[in-house]
Amino acid sequence: MPGGNSFNIVMATGTSEKLVMLGVLTQTGANLGMPVRIFVTGTALKSFKKDGFKGKPVMPAGFEDYMKELIAGLDKLRTDNWHKMLETAMEIGDVKVFACSLMTSALGWKKEDLDPIVDSIVGATDFMIQSGGGQTVII
Amino acid sequence: MTIYNVDSKGTACPGPITDLIRAYRKASNGDIIILQATDPGVVPDSKAWCGMTKNELVDTKENNGEYEVTIKVTAKK
């Protein structure tokens with residue numbers, strides 16, 4: 001199976017803090033020389049629509065005050081936003097982003113409707129074969 | 001031998017290691033990378049990276065929340 005040593009991420013939730021996690025894990029995997037394969041589905045797909053990352057971040061319900069504090073702290077650090085982290089990871093490593101065919105079909109979105117960092121629209125079978133044997137995390 | 005001074009102060013995880021990797025790509029065996037950072041994760045992350053890549057961790061220092069990690073490049077192919 002291809003992707004035996006890859007680090008695989010199923011990105012299912014599109015709230016702000018989860019997108020930061022995606023950026024950090026992807027950039028770290030690329031730093032370590034691991035191929036990183038990302039499958040975007042569920043509410044996360046919204047941020048991967050063309051220019052979707054420029055939209056207002058979605059905060060996790062019930063954590064509004066905490067998120068304000070967290071975002072203020074992140075703003076003080078020289079930290080890239082999650083999208084820039086993905087771009088950096090793609091620059092230094094082997095990173096591919098796939099969009100879920102079920103969800104894109106349900107939304108009526110085509111490849112051209114998606115952020116250019118999305119490599120292609122694939123089904124779960126293709127993603128699982130590409131990531132076979134590697135470690136997979138779900139965010 | 002070339003010494004690469006990498007100023008990653010103010011960046012947070014995984015920024016310092018990304019800056020380290022960028023310097024490492026330019027470096028040759030025998031070169032030294034001096035990584036300066038304020039992220040407290042930089043020391044354990046650098047140790048782990050050196051262990052994984054078989055480069056040599058020469059020294060680590062901490063002074064008032066600023067960290068300096070010195071790495072000798074030994075594993076370039």
# chains A, B, ... in the order shown; residues from 1 in each chain; ligands from 1
>>> residues_around(residues="segment 99-111 of chain A", least_positions_apart="2", cutoff="10 Å", atoms="only C-alpha atoms", output="PyMOL selection string")
chain A and resi 10-12+38-46+48-50+97+113-116+118-124+127
>>> residues_around(residues="Cys13 of chain B", least_positions_apart="2", cutoff="7 Å", atoms="only C-alpha atoms", output="PyMOL selection string")
chain B and resi 11+15-16+39+41
>>> residues_around(residues="segment 61-65 of chain B", least_positions_apart="3", cutoff="9 Å", atoms="only C-alpha atoms", output="short mmCIF file (atom, residue, chain, number, x, y, z; two decimals) with C-alpha atoms, in the first residue's frame")
data_model
loop_
_atom_site.label_atom_id
_atom_site.label_comp_id
_atom_site.auth_asym_id
_atom_site.auth_seq_id
_atom_site.Cartn_x
_atom_site.Cartn_y
_atom_site.Cartn_z
CA ALA B 37 14.02 30.94 20.16
CA THR B 38 11.63 31.95 22.91
CA ASP B 39 9.25 29.00 22.52
CA PRO B 40 9.92 26.65 25.47
CA VAL B 43 14.79 22.41 23.44
CA GLU B 68 19.81 28.80 22.27
CA VAL B 69 20.30 25.41 20.69
CA THR B 70 23.55 24.51 18.94
#
>>> interface_residues(of="chain B", to="chain A", cutoff="8 Å", atoms="only C-alpha atoms", output="ChimeraX atom specification")
/B:10-15,17-18,21,49
>>> atom_distance(atom1="atom CA of Asp75 of chain A", atom2="atom CA of Leu19 of chain A")
15.2 Å
>>> closest_residue(among="A:Phe98, A:Glu64, A:Leu22, A:Glu17", to="Val137 of chain A", atoms="only C-alpha atoms")
A:Leu22
